[in-house]
Structure formats: C-alpha cells, structure tokens
Amino acid sequence: MEENKMIINRLPMTTWNRLKVNQKTVELTNTLQEAPAGITISGSFSLRPTDTAFESIETGMGPDFDHFISENAPASLMYVVAPGTKNNTITILIDYDAMPELSDAAYVNAFRFFVSEGSDLTVLMDVRGTAPVTGLTDVKILAQANANVTLVQTKRLSEAVRYFGNAGTDFGEKSNFELVHVTFSGKEVNEGCTTKLSGDKSSARYDIGYLSGMESDIDQSYLIRFTGKNTNGEIYSNGVLRGTTRKNFRGTIDFIRGCVGASGSEKEDVLLMDDTVVNLTSPLILCGEEDVEGEHGATLGRLAEEILFYLEARGVSEEDAYKMVADGRMASVIRHIPESQLRSELLSLVSEDETIAES
Amino acid sequence: MKEKTWIDDVDRSLYDFRYGYDDEHYYKVNEGLTPEIVETISREKDDPAWMREFRLKCLDLYYKHRLPNWGPSLDGLNMDNIVTYVRPNSKMTAKWEEVPAEIKETFEKLGIPQAERDSLAGVGAQYDSELVYHNMKAEVAEKGVIYSDLESAMKGEYADMIEEHFMKLLTPYDHKFMALHGAVWSGGSFVYVPKGVKVEIPLQSYFRLNAPGAGQFEHTLIIVDEGADLHFIEGCSAPKYNIANLHAGAVELFVAKNARLRYSTIENWSKNMYNLNSKRALVEEGGRMEFVSGSFGSHVSYLYPMTILKGDRSSLEYTGITFAGEGQNLDTGMKVVHIGRDTKSIVSSKGISKSGGTSTFRSSVEIRNTAKNAKSTVDCASLMLDDISRSDTIPVMDVRTQDADVGHEAKIGRISDDSIFYLMSRGMSEEEARAMIVSGFADNVSKELPLEYAIEMNNLIRLEMVGSIG
C-alpha cells in the first residue's frame, strides 16, 4: 500500500484490466477523528477488550482498508451479547452534521460485535450527513452457533459526502445473518461486506438498495464465502441510477471445497433513469465443490416494455411509471428493516423524492 | 459405503499420434525469440518490405507488454524454449497425393480428406508453421470466392485488401501474445466472399502441430462482403509431448452490411499446449456473426472471441462449450461491444470440469452510449463432475445507455440424483443415464455443428462410467 493510497473492493478473481472493475484505488489524506455516535442499547450486552479472533475476519473492502483502520482507529472494545439472550438491539446514529467542524478530517467509527451461542443481535446503524465530510464505518461480527444477527446500515447522504462502509463477518453452526444496506445519494459511496459461513447449516442474506444522486460514484463489493456444509447464502441488490452516476457492483458467491450441500444465489436489478449513467456489474460464482447449487441473474437497463405498457394502459404516464418502479425497488429493500420508525422514515423519503421522476 | 462414480477424461488417442521430424524433412529456426529469428522467418517467407518492418515493430511491442496479471498461470511457458517456425520441406499443393506421405497420413487419420469429399467446399491443412494443402471446389471458386493461404494472397491480386485489413482488428498493441503473433506469424488462410455470394457448404482449415516445443502462429483473415454468407470451420490438434507447445494464432473477421458469418471451432490441442489464441469480428449494419466454439484440449487456454457490433441492427450469437479434465486450466468465454443501434447479442455457454480440471467462463458485455435499444442476454451453465475440480464464472457488464436491456443468468451444480433416478426408473443403467445427461448438457453446441463435426465432438465427449451414485 502506497502512502495514503489504498486498494479496496478487489474482485476475488480478477479479469481484464481495461474494464476497470478489478478494484478501486482510493486516497485518504485526511486526519482520522473518531466520530461521536449516538448509541442506544437495549438487551444483554457487555463491553470487553476486542478479541484477537476479529483480526482474521475478512472484510468487503479488503486488507488495505483493514490495515488502515487497525493503524489509525483500532476498535479496542467489543460488544459482547450474552449467551442465549434474545431481543438485543443496538442503535447507532452517526450524524456528520452534528460533528465538530474540523478541517481536513475524516470521521471514523469502528465496531466489533461478539454474538454468543444461541443469542440474537440487531444492529441499526443510521448514517446521515449533508456537509462536505469523509466518513468511515468499520463493522466486524463474530457469531457463534445458533446466533441470529441482523445488521442494518442506512445512509442518508448529500452529494457532498464521501463515505466508506466496511464490514466483515464470520458465522458459526446454524447461525443466521441478515444484512440490509440502504443508500441515498452520496458523492462517493464505497461499500463492502464479506461473510464467511464457517458453521454447518449457517445462512446469510444480503438485501441492498440504493438510489444514487445525480453525480454519485458508487463502488460495491459483496461476497459470501461458503465453507460449512449445507450453508445457504443469497445476495439481492436493487438499484436506481440517475444523472451521470457511475456504479460498480461486485457480487461473489464462493463455494470452498468441502461445503457439501451449500446453495447460493445472487440477483441484481438496476434501473437506469438517465442516458448518462455508467453501470458496471460483475457477479462472480467461484466453485471448488461439486455438491453445491449456485446461480446468479442480472437485469440492467430501462423499464421492461411490458411493465411500461401495463402501467400506461392504466393511465400512468411514463414518468410516473419510472418513479413508481423506482419507489417500489427501494421499498422492497427498506421493508427488510425490522425497526418501524426507521423504516417509515426511509419509505417517506422515497415517496417524497420528486427528483426521481424529474431525472 | 457408497462408491463414487468416476467419469473418464476425453479420449484423445484418436489425436495423439506423432511422427518424428528431422533436418532432412523439416526446416526450423532456433529456440527463443530474437530480432535475428524474426528476420530469418521474414526472409524464409519472402515477406514484402512492409511486413518485415511490421514484424520487427511487433517484436519491440512484445518486449514492452507485460504478461496478464489475471487468468491461469503461464509459468510453464518459457519463450526461450519455443521454436517459433518449423516447416516441412515440401510445397503447398492442391492435391493430396502430392503431400508427403507422413503428413498425408496424419490428415487421413484426422479424417480431413474424407470430410472434404463429403461435406466441405474447400480445405486448408496446416502442418506446424506452413500450409501443406489448400484446395477449393471449382463451383465455389467460380462464384468469385477466394480461399487461399495468406502468404500467397498477400502477394497477389488481393495484396492491397490484405494490407488494409491485416492486424487492424487485432493489433499488436492489444496484448503480449498478439505482439508475439505479429512478429512470428506464419500460415493461415485468407477468405474473401464477394457481395451477395452465399457459400452453401462450409470451408475448413485444420491446424496440426507436430513438432515438440514448437509454436504455431497462423493468421486467418476472412472478409464476407455485403449480403454474402459463409460458414468457416477451424479444427486443431496435436500429439502430446512432455514439453510446452504454444499456439498464439489470430483470427480477424470482417462481416459487411447484411452479411452472415458462422465461425465454428473444435479445439483439441494436447495437454502440453498453451493455447493463447485471439479472435475478433467486426460486424457492419445488419450483419450477423455466429461463433460456435468447443474447447476440449490444451494445458492452459485463454480464449475469448470478441465481436464488435458496429453497425445498426448487427447481431451476435455465441454458443460454446468447454470441457476441462486432469491437468487442464481452460479459461474461455467471449466479449461483445455494442456500438450500433438495435444491436443484439445472445450468448449461451456450457462448462464441464472433472478430474481436477479448472473451467472458467469469462465474459464482458459492453453497451456503449450509442447503442440505443441494444439487447443482450448471456446464459452460462457449469457442471461439476467431481469434488477435486473447479468451475468459476467471471462475467462483467458495462452498460452506458438507459435505452438497453441486458440480462445475465448463470448456474452451477452437479448432475442431480433426481435426474439419474428418473432415467433409471425408465430402464437405463446409471452409466447410460449419466452419459445421456452430459451429452444433453453439451447439446447446445453439437446441434449447431454440421453432422460430421457433431459426431467428432461427441467422440471427444465419450465418457465411460463405472460405479454407482456418489
């Protein structure tokens, strides 16, 4: 890693360089500043020194970013969820507009969660900001057998905010992980999540939704790695791109030899609202095991003619039809958020956004 | 305890025969790659001046290009050990009886003269670096179709046309092995189909590499003029040696307005071959390009036919299958660039991996902003036949217009026990059931080939089963 420069979101198996999808090189020259976050906890938690086991968890953005965080903003404490406990929720509000004004600063928040056997955890992380800042979040989760974890990360950002959202998780036997990523706008949004399904019969599901700004740069890397037997993983991504936005989606399901009986799927649907967007999609299936089932699908482009015809036949204009479908795609992801107030706020944000139709 | 079912490798005994080569019957340059070797090849081939300069420029570019930092390892390929030019001491002829006996016997074993008599409009047969036989039926020649070796055509009536097109679509700037090709190319075919001419039965070029440690760098240039139609078949094979051989051919295809070209390949190089072949087609308005590709041989393959849909309403259909067995890492796929309006691409790919082989499907679909109303669908399926093999799918889609429909589907899995059970309940043995499923899996390619070639392909996928359901 060159000084200040990092490679993030690297494809686990690279391809032709000229396509510019293999990785992203970013520069972070800012001074890191831990961001004050509003944290609300309900349930059975304790805070302990971070276990070294977290160091080996692979993350979506990759080793350069991990190194950067460990050098500059190491998470010294971890939240431990007590064994066998239910209804444990932690709500994290990160509002960059409420931060002290610092020139040349990047705000960082790093969290570690250890979810003990048979317990559950819901993390609701709501990131907001309109000021021209750089924000970084880094989440790692280690879940033991029979744990259930939901990680919701919502981003309501103006087109002035540069954001890096990194996550890495490892799940034990019969545990279950649900990831919900909802992103509105942002100047530059870099996100990644890698999940390792270590335990037999563990499962993971990603629901990703994004509504770009008019000039956003969105770079994503989502990966589920299957090592346990009879594991199941699904990645669903729904996006709406506008203006001159450039989006690069990398989704990978990776079957490691020995993950007998595993099944995985990924699906990406992207609605292109303007003729000036750039949409890059790289959905990989990597397979080193015979006894698995893997599939992926992608539909990219305009609204399907039959849908448009159906709606226009019922008196809906083309403009309204596009807004209706864009709303529906975001709503389909937002509905996976378990907390009703946050869910309502985001659904309202979608339905009230008239710029969707105007784009 | 249940016994695992084993499926044998592709049977290559049909292709794995060899004849020695000696200084009396063959001429070859020294191993390695130097300006002197390139100049020697140029002299041997009596190149026009522009070609000699072009070769040396390509050599410079070869030194400047880096090896790919993606794809299978090329560590076993050492250019210092590769002989880039080997030719039999015989002249190209249009009569099989004039071909040296050993070489003729080789092509007889491969069934080429028989196929020519039965089902082809013309044949070119290359042995190592040079064509030894080239012929076309008189009735096809009478329509004005040109099918000859590239070297002769370069000095004849079509010299200007070749200079205008040669390595303009695939350039030495593209990658290291295209630069290598430009420096040491030898052999290959030139085809020109005049306006409105439809060649009813296929032409075929067959490339046989016999010399151990040699490279084959043939160049195929096909121009199908406005409204014309052609099916061209390319076959290739080699005996197996315990040292690396290299194939870095180039295929440039120009499909004019409303023309159609089908390019079919059955590739069965031996398992010591590095197959780094490049193919590219440029399709004008209303033109149609069809690739049918079967990849069975080679130790390592990098093979991704590329189609540029430049003209409005131009289209591509790609149908391919790859079978990777023991010791093979076959990285295959396709690339398409949509530039014209109302362009269309349909891609169907199958991959089979077994006995520790690695099969990778790699693709790119680029929809440029000018390609309004473009449509593209990619469908790839992979079959894993055991738990020591690999199968990877690496597709990329780059869409730069709102006004496009792009779809992609991929599946990976094994032969399901349910399917086996269904067929066995109707009286088949397990071995028959498995063979039928694998044959059916490859059916998308075999049904696109002329009957004789479909039979050859099915021979290649002749699988033997023992044991019970694993």
# chains A, B, ... in the order shown; residues from 1 in each chain; ligands from 1
>>> residues_around(residues="region 322-339 of chain A", least_positions_apart="6", cutoff="7 Å", atoms="only C-alpha atoms", output="ChimeraX atom specification")
/A:152,180,182,207-210,238,240,347,350-351,356-357
>>> write_last_selection(atoms="all heavy atoms", output="compact mmCIF listing (two decimals), in the first residue's frame")
# COMPACT_ATOMS: atom_id res chain seq x y z
N VAL A 152 -28.34 -3.62 9.96
CA VAL A 152 -28.98 -2.65 9.07
C VAL A 152 -28.09 -1.41 9.01
O VAL A 152 -27.75 -0.84 10.04
CB VAL A 152 -30.39 -2.26 9.58
CG1 VAL A 152 -31.00 -1.19 8.69
CG2 VAL A 152 -31.29 -3.48 9.68
N VAL A 180 -28.89 -5.56 5.70
CA VAL A 180 -29.71 -4.64 4.91
C VAL A 180 -28.91 -3.36 4.71
O VAL A 180 -28.50 -2.71 5.68
CB VAL A 180 -31.05 -4.31 5.62
CG1 VAL A 180 -31.89 -3.39 4.74
CG2 VAL A 180 -31.81 -5.58 5.95
N VAL A 182 -29.13 0.27 2.80
CA VAL A 182 -29.96 1.22 2.05
C VAL A 182 -29.16 2.51 1.92
O VAL A 182 -28.71 3.07 2.93
CB VAL A 182 -31.30 1.50 2.76
CG1 VAL A 182 -32.11 2.52 1.97
CG2 VAL A 182 -32.09 0.21 2.92
N ASP A 207 -29.64 -7.81 1.51
CA ASP A 207 -30.58 -7.01 0.73
C ASP A 207 -29.99 -5.62 0.58
O ASP A 207 -29.80 -4.91 1.58
CB ASP A 207 -31.95 -6.95 1.42
CG ASP A 207 -32.71 -8.25 1.26
OD1 ASP A 207 -33.25 -8.48 0.17
OD2 ASP A 207 -32.71 -9.05 2.22
N ILE A 208 -29.71 -5.25 -0.65
CA ILE A 208 -29.01 -3.99 -0.90
C ILE A 208 -29.89 -3.12 -1.79
O ILE A 208 -30.38 -3.57 -2.83
CB ILE A 208 -27.67 -4.27 -1.62
CG1 ILE A 208 -26.79 -5.17 -0.76
CG2 ILE A 208 -26.95 -2.97 -1.96
CD1 ILE A 208 -25.96 -6.13 -1.54
N GLY A 209 -30.09 -1.89 -1.37
CA GLY A 209 -30.86 -0.95 -2.20
C GLY A 209 -30.16 0.39 -2.24
O GLY A 209 -29.60 0.85 -1.23
N TYR A 210 -30.14 1.01 -3.40
CA TYR A 210 -29.51 2.33 -3.48
C TYR A 210 -30.23 3.18 -4.52
O TYR A 210 -30.67 2.70 -5.55
CB TYR A 210 -28.02 2.21 -3.82
CG TYR A 210 -27.73 1.38 -5.04
CD1 TYR A 210 -27.68 1.95 -6.31
CD2 TYR A 210 -27.52 0.00 -4.93
CE1 TYR A 210 -27.43 1.18 -7.42
CE2 TYR A 210 -27.28 -0.77 -6.04
CZ TYR A 210 -27.23 -0.18 -7.29
OH TYR A 210 -27.00 -0.95 -8.39
N ASN A 238 -30.86 -4.11 -5.49
CA ASN A 238 -31.81 -3.32 -6.28
C ASN A 238 -31.30 -1.90 -6.34
O ASN A 238 -31.12 -1.26 -5.30
CB ASN A 238 -33.18 -3.31 -5.60
CG ASN A 238 -34.11 -4.31 -6.22
OD1 ASN A 238 -34.47 -4.18 -7.39
ND2 ASN A 238 -34.48 -5.32 -5.45
N VAL A 240 -31.22 2.14 -8.35
CA VAL A 240 -31.76 3.13 -9.27
C VAL A 240 -30.65 4.16 -9.50
O VAL A 240 -30.15 4.77 -8.55
CB VAL A 240 -33.01 3.82 -8.68
CG1 VAL A 240 -33.57 4.83 -9.68
CG2 VAL A 240 -34.07 2.79 -8.31
N LEU A 347 -39.14 5.06 3.91
CA LEU A 347 -40.19 4.91 2.90
C LEU A 347 -40.73 6.28 2.51
O LEU A 347 -41.01 6.55 1.34
CB LEU A 347 -41.31 4.01 3.42
CG LEU A 347 -40.97 2.51 3.50
CD1 LEU A 347 -42.07 1.75 4.23
CD2 LEU A 347 -40.75 1.93 2.11
N VAL A 350 -38.40 8.07 0.17
CA VAL A 350 -38.51 7.60 -1.22
C VAL A 350 -39.72 8.21 -1.88
O VAL A 350 -39.64 8.79 -2.97
CB VAL A 350 -38.59 6.06 -1.26
CG1 VAL A 350 -38.91 5.58 -2.67
CG2 VAL A 350 -37.30 5.45 -0.78
N SER A 351 -40.87 8.10 -1.22
CA SER A 351 -42.11 8.53 -1.88
C SER A 351 -42.16 10.04 -2.08
O SER A 351 -42.78 10.54 -3.02
CB SER A 351 -43.33 8.05 -1.09
OG SER A 351 -43.30 8.61 0.20
N ILE A 356 -36.78 11.83 -8.40
CA ILE A 356 -36.70 10.56 -9.11
C ILE A 356 -37.40 10.69 -10.45
O ILE A 356 -36.89 10.29 -11.49
CB ILE A 356 -37.35 9.42 -8.28
CG1 ILE A 356 -36.59 9.23 -6.97
CG2 ILE A 356 -37.37 8.13 -9.08
CD1 ILE A 356 -37.21 8.22 -6.05
N ALA A 357 -38.59 11.29 -10.42
CA ALA A 357 -39.35 11.42 -11.66
C ALA A 357 -38.73 12.45 -12.60
O ALA A 357 -38.84 12.35 -13.81
CB ALA A 357 -40.78 11.83 -11.33
>>> residues_around(residues="Lys187 (chain A)", least_positions_apart="6", cutoff="7 Å", atoms="only C-alpha atoms", output="PyMOL selection string")
chain A and resi 158-162+215-217
>>> closest_atom_pairs(of="chain B", to="chain A", cutoff="8 Å", atoms="only C-alpha atoms", output="CSV")
residue,atom,partner,partner_atom,distance
B:Trp70,CA,A:Thr14,CA,5.6
B:Gly71,CA,A:Thr15,CA,7.1
B:Arg362,CA,A:Thr15,CA,7.8
B:Asn369,CA,A:Asp275,CA,7.3
B:Met384,CA,A:Glu290,CA,5.1
B:Leu385,CA,A:Glu290,CA,6.5
B:Asp386,CA,A:Glu290,CA,5.4
B:Asp387,CA,A:Glu290,CA,4.6
B:Ile388,CA,A:Gly288,CA,7.1
B:Ser389,CA,A:Gly288,CA,6.2
B:Arg390,CA,A:Gly288,CA,4.6
B:Ser391,CA,A:Cys287,CA,5.2
B:Asp392,CA,A:Leu286,CA,4.4
B:Thr393,CA,A:Ile285,CA,5.1
B:Ile394,CA,A:Leu284,CA,5.0
B:Pro395,CA,A:Ser282,CA,5.7
B:Val396,CA,A:Ser282,CA,4.5
B:Met397,CA,A:Thr281,CA,5.1
B:Asp398,CA,A:Leu280,CA,4.5
B:Val399,CA,A:Asn279,CA,5.1
B:Arg400,CA,A:Val278,CA,4.8
B:Thr401,CA,A:Asp275,CA,4.7
B:Gln402,CA,A:Asp275,CA,4.5
B:Asp403,CA,A:Arg302,CA,5.7
B:Ala404,CA,A:Gly301,CA,5.1
B:Asp405,CA,A:Gly301,CA,5.0
B:Val406,CA,A:Leu300,CA,5.1
B:Gly407,CA,A:Thr299,CA,4.6
B:His408,CA,A:Ala298,CA,5.0
B:Glu409,CA,A:Gly297,CA,4.3
B:Ala410,CA,A:His296,CA,5.2
B:Lys411,CA,A:Glu295,CA,4.2
B:Ile412,CA,A:Gly294,CA,5.0
B:Gly413,CA,A:Glu293,CA,4.8
B:Arg414,CA,A:Glu290,CA,6.0
>>> residues_around(residues="region 335-339 of chain B", least_positions_apart="3", cutoff="10 Å", atoms="only C-alpha atoms", output="MDAnalysis selection string")
chainID B and resid 280:282 304:312 314:316 318 342:347 362:372 374:376 395:399
>>> closest_residue(among="B:Phe232, B:Leu170, B:Thr265, B:Asn275", to="Val251 (chain B)", atoms="only C-alpha atoms")
B:Leu170
>>> closest_residue(among="B:Val255, B:Ala244, B:Ala183, B:Arg262", to="Leu203 (chain B)", atoms="only C-alpha atoms")
B:Arg262
>>> residues_around(residues="Ser202 (chain A)", least_positions_apart="4", cutoff="7 Å", atoms="only C-alpha atoms", output="PyMOL selection string")
chain A and resi 171-176+197+231-232
>>> write_last_selection(atoms="N, CA, C and O atoms", output="PDB file, in the first residue's frame")
ATOM      1  N   PHE A 171     -19.730 -16.633  10.676  1.00  0.00           N
ATOM      2  CA  PHE A 171     -20.882 -17.224  11.358  1.00  0.00           C
ATOM      3  C   PHE A 171     -20.679 -18.709  11.632  1.00  0.00           C
ATOM      4  O   PHE A 171     -20.236 -19.466  10.784  1.00  0.00           O
ATOM      5  N   GLY A 172     -21.070 -19.094  12.847  1.00  0.00           N
ATOM      6  CA  GLY A 172     -20.929 -20.478  13.290  1.00  0.00           C
ATOM      7  C   GLY A 172     -22.134 -21.334  12.918  1.00  0.00           C
ATOM      8  O   GLY A 172     -23.066 -20.890  12.229  1.00  0.00           O
ATOM      9  N   GLU A 173     -22.111 -22.543  13.409  1.00  0.00           N
ATOM     10  CA  GLU A 173     -23.110 -23.552  13.046  1.00  0.00           C
ATOM     11  C   GLU A 173     -24.543 -23.065  13.291  1.00  0.00           C
ATOM     12  O   GLU A 173     -24.856 -22.512  14.356  1.00  0.00           O
ATOM     13  N   LYS A 174     -25.372 -23.275  12.300  1.00  0.00           N
ATOM     14  CA  LYS A 174     -26.812 -22.975  12.362  1.00  0.00           C
ATOM     15  C   LYS A 174     -27.098 -21.512  12.720  1.00  0.00           C
ATOM     16  O   LYS A 174     -28.176 -21.179  13.225  1.00  0.00           O
ATOM     17  N   SER A 175     -26.148 -20.666  12.532  1.00  0.00           N
ATOM     18  CA  SER A 175     -26.396 -19.241  12.791  1.00  0.00           C
ATOM     19  C   SER A 175     -26.930 -18.589  11.522  1.00  0.00           C
ATOM     20  O   SER A 175     -26.871 -19.156  10.435  1.00  0.00           O
ATOM     21  N   ASN A 176     -27.451 -17.387  11.686  1.00  0.00           N
ATOM     22  CA  ASN A 176     -28.113 -16.729  10.570  1.00  0.00           C
ATOM     23  C   ASN A 176     -27.781 -15.237  10.563  1.00  0.00           C
ATOM     24  O   ASN A 176     -27.766 -14.590  11.609  1.00  0.00           O
ATOM     25  N   LEU A 197     -19.396 -18.195   5.922  1.00  0.00           N
ATOM     26  CA  LEU A 197     -20.319 -19.125   6.572  1.00  0.00           C
ATOM     27  C   LEU A 197     -19.501 -20.342   7.002  1.00  0.00           C
ATOM     28  O   LEU A 197     -19.412 -21.337   6.296  1.00  0.00           O
ATOM     29  N   THR A 231     -24.743 -24.921   3.905  1.00  0.00           N
ATOM     30  CA  THR A 231     -24.910 -23.491   4.142  1.00  0.00           C
ATOM     31  C   THR A 231     -25.727 -22.876   3.003  1.00  0.00           C
ATOM     32  O   THR A 231     -25.844 -23.436   1.918  1.00  0.00           O
ATOM     33  N   ASN A 232     -26.278 -21.706   3.274  1.00  0.00           N
ATOM     34  CA  ASN A 232     -27.094 -21.039   2.259  1.00  0.00           C
ATOM     35  C   ASN A 232     -26.799 -19.545   2.285  1.00  0.00           C
ATOM     36  O   ASN A 232     -26.767 -18.936   3.348  1.00  0.00           O
TER      37      ASN A 232
END
>>> select_by_dssp(residues="region 79-294 of chain A", states="strand (DSSP E or B)", output="number ranges by chain")
A: 79-81, 89-95, 105-115, 120-129, 134-143, 148-157, 162-171, 176-185, 188-197, 203-211, 217-226, 232-241, 246-255, 262-272, 278-287, 292-294
>>> write_last_selection(atoms="C-alpha atoms", output="CSV table (one decimal), in the first residue's frame")
chain,number,residue,atom,x,y,z
A,79,TYR,CA,-19.8,-5.5,22.4
A,80,VAL,CA,-20.5,-9.0,23.7
A,81,VAL,CA,-24.0,-10.4,23.6
A,89,THR,CA,-30.6,-4.3,19.8
A,90,ILE,CA,-28.0,-1.6,19.4
A,91,THR,CA,-29.0,1.6,17.6
A,92,ILE,CA,-26.1,3.8,16.3
A,93,LEU,CA,-26.7,7.2,14.9
A,94,ILE,CA,-23.9,8.9,13.1
A,95,ASP,CA,-24.7,12.4,12.0
A,105,ALA,CA,-10.8,15.5,9.0
A,106,ALA,CA,-12.3,12.1,8.3
A,107,TYR,CA,-14.7,10.7,10.8
A,108,VAL,CA,-14.4,7.1,11.7
A,109,ASN,CA,-16.4,4.6,13.7
A,110,ALA,CA,-15.3,1.0,14.2
A,111,PHE,CA,-17.4,-1.6,16.0
A,112,ARG,CA,-16.9,-5.2,17.0
A,113,PHE,CA,-19.7,-7.5,18.0
A,114,PHE,CA,-19.3,-10.9,19.6
A,115,VAL,CA,-22.6,-12.7,19.4
A,120,ASP,CA,-29.6,-12.7,18.8
A,121,LEU,CA,-28.5,-9.2,17.8
A,122,THR,CA,-29.9,-6.4,15.8
A,123,VAL,CA,-27.6,-3.5,14.8
A,124,LEU,CA,-29.3,-0.4,13.4
A,125,MET,CA,-26.7,2.0,12.1
A,126,ASP,CA,-28.1,5.2,10.6
A,127,VAL,CA,-25.6,7.4,8.9
A,128,ARG,CA,-26.5,10.9,7.9
A,129,GLY,CA,-24.8,14.0,6.6
A,134,THR,CA,-15.4,12.0,4.7
A,135,GLY,CA,-16.9,9.3,6.9
A,136,LEU,CA,-15.8,5.8,7.5
A,137,THR,CA,-17.5,2.9,9.3
A,138,ASP,CA,-16.0,-0.4,10.0
A,139,VAL,CA,-18.0,-3.3,11.4
A,140,LYS,CA,-16.9,-6.8,12.3
A,141,ILE,CA,-19.2,-9.5,13.7
A,142,LEU,CA,-18.3,-12.9,15.1
A,143,ALA,CA,-21.3,-15.1,15.7
A,148,ASN,CA,-29.2,-14.7,14.7
A,149,VAL,CA,-27.8,-11.3,13.6
A,150,THR,CA,-29.4,-8.5,11.6
A,151,LEU,CA,-27.1,-5.6,10.5
A,152,VAL,CA,-29.0,-2.7,9.1
A,153,GLN,CA,-26.9,0.2,7.7
A,154,THR,CA,-28.8,3.1,6.2
A,155,LYS,CA,-27.0,6.1,4.6
A,156,ARG,CA,-28.8,9.4,4.0
A,157,LEU,CA,-26.1,11.4,2.4
A,162,ARG,CA,-17.6,10.8,0.8
A,163,TYR,CA,-18.3,7.6,2.6
A,164,PHE,CA,-16.6,4.3,3.2
A,165,GLY,CA,-18.6,1.5,4.8
A,166,ASN,CA,-16.7,-1.7,5.5
A,167,ALA,CA,-18.0,-4.9,7.1
A,168,GLY,CA,-16.8,-8.5,7.7
A,169,THR,CA,-18.5,-11.3,9.5
A,170,ASP,CA,-18.0,-15.0,10.4
A,171,PHE,CA,-20.9,-17.2,11.4
A,176,ASN,CA,-28.1,-16.7,10.6
A,177,PHE,CA,-27.1,-13.3,9.2
A,178,GLU,CA,-29.2,-10.7,7.5
A,179,LEU,CA,-27.7,-7.6,6.1
A,180,VAL,CA,-29.7,-4.6,4.9
A,181,HIS,CA,-27.9,-1.8,3.1
A,182,VAL,CA,-30.0,1.2,2.0
A,183,THR,CA,-28.1,4.2,0.5
A,184,PHE,CA,-29.4,7.5,-0.7
A,185,SER,CA,-27.1,9.7,-2.8
A,188,GLU,CA,-18.7,8.9,-3.3
A,189,VAL,CA,-20.0,5.8,-1.6
A,190,ASN,CA,-17.7,2.8,-1.2
A,191,GLU,CA,-19.1,-0.2,0.5
A,192,GLY,CA,-18.2,-3.8,1.1
A,193,CYS,CA,-19.2,-6.8,3.1
A,194,THR,CA,-17.7,-10.2,3.3
A,195,THR,CA,-19.4,-13.1,5.2
A,196,LYS,CA,-17.8,-16.4,5.9
A,197,LEU,CA,-20.3,-19.1,6.6
A,203,SER,CA,-27.0,-18.8,6.3
A,204,ALA,CA,-26.7,-15.3,5.1
A,205,ARG,CA,-28.9,-12.9,3.1
A,206,TYR,CA,-27.9,-9.5,1.8
A,207,ASP,CA,-30.6,-7.0,0.7
A,208,ILE,CA,-29.0,-4.0,-0.9
A,209,GLY,CA,-30.9,-0.9,-2.2
A,210,TYR,CA,-29.5,2.3,-3.5
A,211,LEU,CA,-30.9,5.5,-5.1
A,217,ASP,CA,-19.7,7.4,-7.5
A,218,ILE,CA,-20.9,4.1,-6.0
A,219,ASP,CA,-18.4,1.3,-5.6
A,220,GLN,CA,-19.5,-2.0,-4.0
A,221,SER,CA,-18.1,-5.4,-3.1
A,222,TYR,CA,-20.3,-8.0,-1.6
A,223,LEU,CA,-19.1,-11.6,-1.0
A,224,ILE,CA,-20.5,-14.7,0.7
A,225,ARG,CA,-17.9,-17.5,1.2
A,226,PHE,CA,-19.3,-20.9,1.9
A,232,ASN,CA,-27.1,-21.0,2.3
A,233,GLY,CA,-26.3,-17.5,1.1
A,234,GLU,CA,-28.3,-15.0,-1.0
A,235,ILE,CA,-27.4,-11.6,-2.3
A,236,TYR,CA,-30.2,-9.3,-3.7
A,237,SER,CA,-29.3,-5.9,-5.0
A,238,ASN,CA,-31.8,-3.3,-6.3
A,239,GLY,CA,-30.6,0.0,-7.6
A,240,VAL,CA,-31.8,3.1,-9.3
A,241,LEU,CA,-29.1,5.2,-11.1
A,246,ARG,CA,-21.1,5.7,-12.1
A,247,LYS,CA,-21.8,2.5,-10.2
A,248,ASN,CA,-19.6,-0.6,-9.9
A,249,PHE,CA,-21.2,-3.7,-8.3
A,250,ARG,CA,-19.1,-6.7,-7.5
A,251,GLY,CA,-21.1,-9.6,-6.1
A,252,THR,CA,-19.5,-13.0,-5.4
A,253,ILE,CA,-20.6,-16.3,-4.1
A,254,ASP,CA,-17.6,-18.5,-3.4
A,255,PHE,CA,-18.0,-22.2,-2.7
A,262,ALA,CA,-24.3,-25.5,0.0
A,263,SER,CA,-26.5,-23.3,-2.1
A,264,GLY,CA,-26.1,-19.7,-3.1
A,265,SER,CA,-27.7,-17.2,-5.4
A,266,GLU,CA,-27.3,-13.6,-6.3
A,267,LYS,CA,-29.6,-11.2,-8.2
A,268,GLU,CA,-29.1,-7.7,-9.3
A,269,ASP,CA,-31.7,-5.4,-10.8
A,270,VAL,CA,-30.6,-1.9,-11.9
A,271,LEU,CA,-33.0,0.7,-13.3
A,272,LEU,CA,-31.1,3.2,-15.4
A,278,VAL,CA,-22.4,4.2,-16.2
A,279,ASN,CA,-23.4,0.8,-14.7
A,280,LEU,CA,-20.8,-1.9,-14.2
A,281,THR,CA,-21.8,-5.2,-12.8
A,282,SER,CA,-19.5,-8.2,-12.0
A,283,PRO,CA,-21.5,-11.1,-10.5
A,284,LEU,CA,-19.0,-14.0,-9.9
A,285,ILE,CA,-19.6,-17.6,-9.0
A,286,LEU,CA,-16.5,-19.3,-7.8
A,287,CYS,CA,-16.8,-23.0,-7.2
A,292,VAL,CA,-23.5,-27.3,-4.5
A,293,GLU,CA,-26.1,-25.2,-6.3
A,294,GLY,CA,-25.2,-21.7,-7.3
